[in-house]
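Novice: Data: entry18.txt, compact mmCIF, C-alpha atoms.
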```
# COMPACT_ATOMS: atom_id res chain seq x y z
CA MET K 1 -3.11 257.91 116.16
CA ALA K 2 0.15 259.86 116.06
CA TYR K 3 1.89 257.18 118.13
CA ALA K 4 0.63 254.47 115.79
CA ALA K 5 1.90 256.30 112.73
CA ALA K 6 5.28 256.91 114.37
CA SER K 7 5.57 253.25 115.39
CA TYR K 8 4.59 252.08 111.92
CA LYS K 9 7.15 254.34 110.24
CA ARG K 10 9.83 253.29 112.72
CA ILE K 11 9.27 249.59 112.00
CA LEU K 12 9.16 250.11 108.22
CA LYS K 13 12.35 252.15 108.40
CA ILE K 14 14.18 249.30 110.12
CA LEU K 15 12.78 246.78 107.62
CA GLU K 16 14.23 248.90 104.79
CA LYS K 17 17.69 248.04 106.13
CA TRP K 18 16.85 244.40 105.52
CA PRO K 19 16.34 244.16 101.75
CA ILE K 20 13.89 241.71 100.22
CA ASP K 21 15.69 238.74 98.67
CA GLN K 22 14.44 238.39 95.08
CA ASN K 23 15.76 234.80 94.95
CA LYS K 24 13.08 233.76 97.42
CA ALA K 25 10.03 234.05 95.23
CA GLY K 26 6.53 233.12 96.21
CA GLY K 27 6.36 234.72 99.64
CA ARG K 28 9.35 232.84 101.08
CA ASP K 29 11.23 236.01 102.03
CA TYR K 30 10.85 236.81 105.73
CA CYS K 31 11.27 240.57 105.28
CA GLU K 32 8.53 240.67 102.65
CA PHE K 33 6.24 238.70 104.98
CA LEU K 34 6.95 241.04 107.89
CA THR K 35 6.35 244.14 105.79
CA LYS K 36 2.94 242.84 104.67
CA TYR K 37 2.09 241.80 108.25
CA VAL K 38 3.01 245.20 109.70
CA THR K 39 1.14 247.07 106.97
CA GLN K 40 -1.98 244.97 107.55
CA ALA K 41 -1.76 245.55 111.30
CA TYR K 42 -1.48 249.30 110.75
CA LYS K 43 -4.53 249.29 108.48
CA GLU K 44 -6.48 247.41 111.17
CA ASN K 45 -5.41 249.98 113.82
CA THR K 46 -3.73 247.44 116.10
CA PHE K 47 -0.73 249.72 116.70
CA GLU K 48 -2.71 252.07 118.91
CA THR K 49 -4.36 249.35 121.00
CA ASN K 50 -1.25 247.22 121.53
CA CYS K 51 1.68 249.64 121.67
CA LYS K 52 3.75 247.54 124.12
CA TYR K 53 3.68 244.57 121.73
CA TRP K 54 4.84 246.68 118.78
CA ASP K 55 7.65 248.21 120.86
CA GLN K 56 8.86 244.69 121.65
CA GLN K 57 8.59 243.73 117.98
CA TYR K 58 10.64 246.79 117.02
CA LEU K 59 13.42 245.82 119.43
CA ALA K 60 13.41 242.22 118.14
CA LEU K 61 13.57 243.42 114.51
CA GLN K 62 16.40 245.75 115.38
CA LYS K 63 18.38 242.79 116.75
CA LEU K 64 17.66 240.77 113.60
CA VAL K 65 18.57 243.52 111.17
CA ASN K 66 21.76 244.47 113.00
CA ASN K 67 22.84 240.82 113.45
CA THR K 68 23.20 241.40 117.18
CA ASN K 69 23.34 237.72 118.09
CA LYS K 70 25.76 236.95 115.28
CA GLU K 71 28.15 239.53 116.67
CA LYS K 72 27.56 238.51 120.27
CA TYR K 73 27.92 234.75 119.72
CA LYS K 74 30.67 234.13 117.17
CA ARG K 75 30.57 230.83 115.28
CA VAL K 76 33.18 228.33 116.33
CA LEU K 77 32.47 225.76 113.61
CA SER K 78 32.12 226.30 109.88
CA SER K 79 29.27 223.77 109.67
CA SER K 80 25.80 223.78 111.19
CA ALA K 81 23.94 221.15 113.20
CA THR K 82 23.09 219.54 109.85
CA THR K 83 26.84 219.30 109.07
CA LEU K 84 26.29 221.54 106.05
CA THR K 85 28.35 224.65 105.46
CA ALA K 86 26.65 228.04 105.06
CA GLU K 87 27.06 227.83 101.27
CA GLN K 88 25.48 224.37 101.17
CA CYS K 89 22.57 225.57 103.32
CA ASN K 90 21.96 228.44 100.89
CA GLN K 91 21.94 226.01 97.97
CA VAL K 92 19.45 223.75 99.73
CA LEU K 93 17.15 226.70 100.39
CA SER K 94 17.25 227.93 96.79
CA ASN K 95 14.21 227.93 94.52
CA GLU K 96 15.92 225.55 92.10
CA PHE K 97 16.41 222.94 94.81
CA LEU K 98 12.78 223.25 95.90
CA GLU K 99 11.65 222.70 92.32
CA GLU K 100 13.84 219.58 92.10
CA LEU K 101 12.27 218.27 95.31
CA LYS K 102 8.79 218.83 93.93
CA GLN K 103 9.69 216.97 90.72
CA GLU K 104 11.15 214.06 92.72
CA GLU K 105 8.02 213.95 94.85
CA LYS K 106 5.85 213.69 91.73
CA LYS K 107 8.05 210.93 90.31
CA SER K 108 7.98 208.92 93.53
CA PHE K 109 4.21 209.34 93.75
CA PHE K 110 3.79 207.85 90.27
CA ARG K 111 6.21 205.02 91.09
CA ARG K 112 4.19 204.18 94.20
CA LEU K 113 0.98 204.38 92.19
CA VAL K 114 2.31 201.94 89.59
CA SER K 115 3.57 199.52 92.26
CA ILE K 116 0.18 199.53 94.03
CA ARG K 117 -1.81 198.67 90.89
CA PRO K 118 -2.89 195.04 90.90
CA SER K 119 -1.25 192.87 88.28
CA LYS K 120 -3.37 191.14 85.64
```
Give the structure from the file, written as structure tokens.
Specialist:
Amino acid sequence: MAYAAASYKRILKILEKWPIDQNKAGGRDYCEFLTKYVTQAYKENTFETNCKYWDQQYLALQKLVNNTNKEKYKRVLSSSATTLTAEQCNQVLSNEFLEELKQEEKKSFFRRLVSIRPSK
């Protein structure tokens, strides 16, 4: 049990370096999801039974938090595969944009509904 507690604390400590983004409400923040997942796994005692898996997860999280791949593979272009810049990608992923998409989806649903109705 001591190994499980040490592993759990080690993973939570590294997740603390990666702050939860308050702009991503409703469970969209990856760090928040991981923290809940790790806590649930600890409560279910899966750390002790699967220590190799959690060691691998720790190393993967360490790479994410420290931006290892970002430092190793520098960006050559300012745009992404979608041709959007980093700022545009952040705007698209914002809560406001998601709300606009939901509103547009509702509007288009009602337009389709009206166009399907048989005429008198």
Novice: Do you know which residues lie at most 12 Å from (20.1, 240.2, 109.5), with coordinates as in the file and only C-alpha atoms counted, and could you write them as a compact mmCIF listing (two decimals) with C-alpha atoms, in the frame of the given file?
Specialist:
```txt
# COMPACT_ATOMS: atom_id res chain seq x y z
CA ILE K 14 14.18 249.30 110.12
CA LEU K 15 12.78 246.78 107.62
CA GLU K 16 14.23 248.90 104.79
CA LYS K 17 17.69 248.04 106.13
CA TRP K 18 16.85 244.40 105.52
CA PRO K 19 16.34 244.16 101.75
CA ILE K 20 13.89 241.71 100.22
CA ASP K 21 15.69 238.74 98.67
CA TYR K 30 10.85 236.81 105.73
CA CYS K 31 11.27 240.57 105.28
CA ALA K 60 13.41 242.22 118.14
CA LEU K 61 13.57 243.42 114.51
CA GLN K 62 16.40 245.75 115.38
CA LYS K 63 18.38 242.79 116.75
CA LEU K 64 17.66 240.77 113.60
CA VAL K 65 18.57 243.52 111.17
CA ASN K 66 21.76 244.47 113.00
CA ASN K 67 22.84 240.82 113.45
CA THR K 68 23.20 241.40 117.18
CA ASN K 69 23.34 237.72 118.09
CA LYS K 70 25.76 236.95 115.28
CA GLU K 71 28.15 239.53 116.67
```
Novice: Hey, can you check how far CA of Tyr8 (chain K) sits from CA of Lys43 (chain K)?
Specialist: 10.1 Å
Novice: Report the distance between CA of Lys36 (chain K) and CA of Val92 (chain K) in Å, rounded to one decimal place.
Specialist: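 Taking CA of Lys36 (chain K) and CA of Val92 (chain K), their separation equals 25.7 Å.
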Novice: Given all atoms listed in the file as the basis, pick out the residue of K:Ala4, K:Asp29, K:Thr83, K:Gln56 nearest to Glu44 (chain K).
Specialist: K:Ala4
Novice: Enter the distance from CA of Leu12 (chain K) to CA of Leu93 (chain K), in Å, rounded to one decimal.
Specialist: 25.9 Å
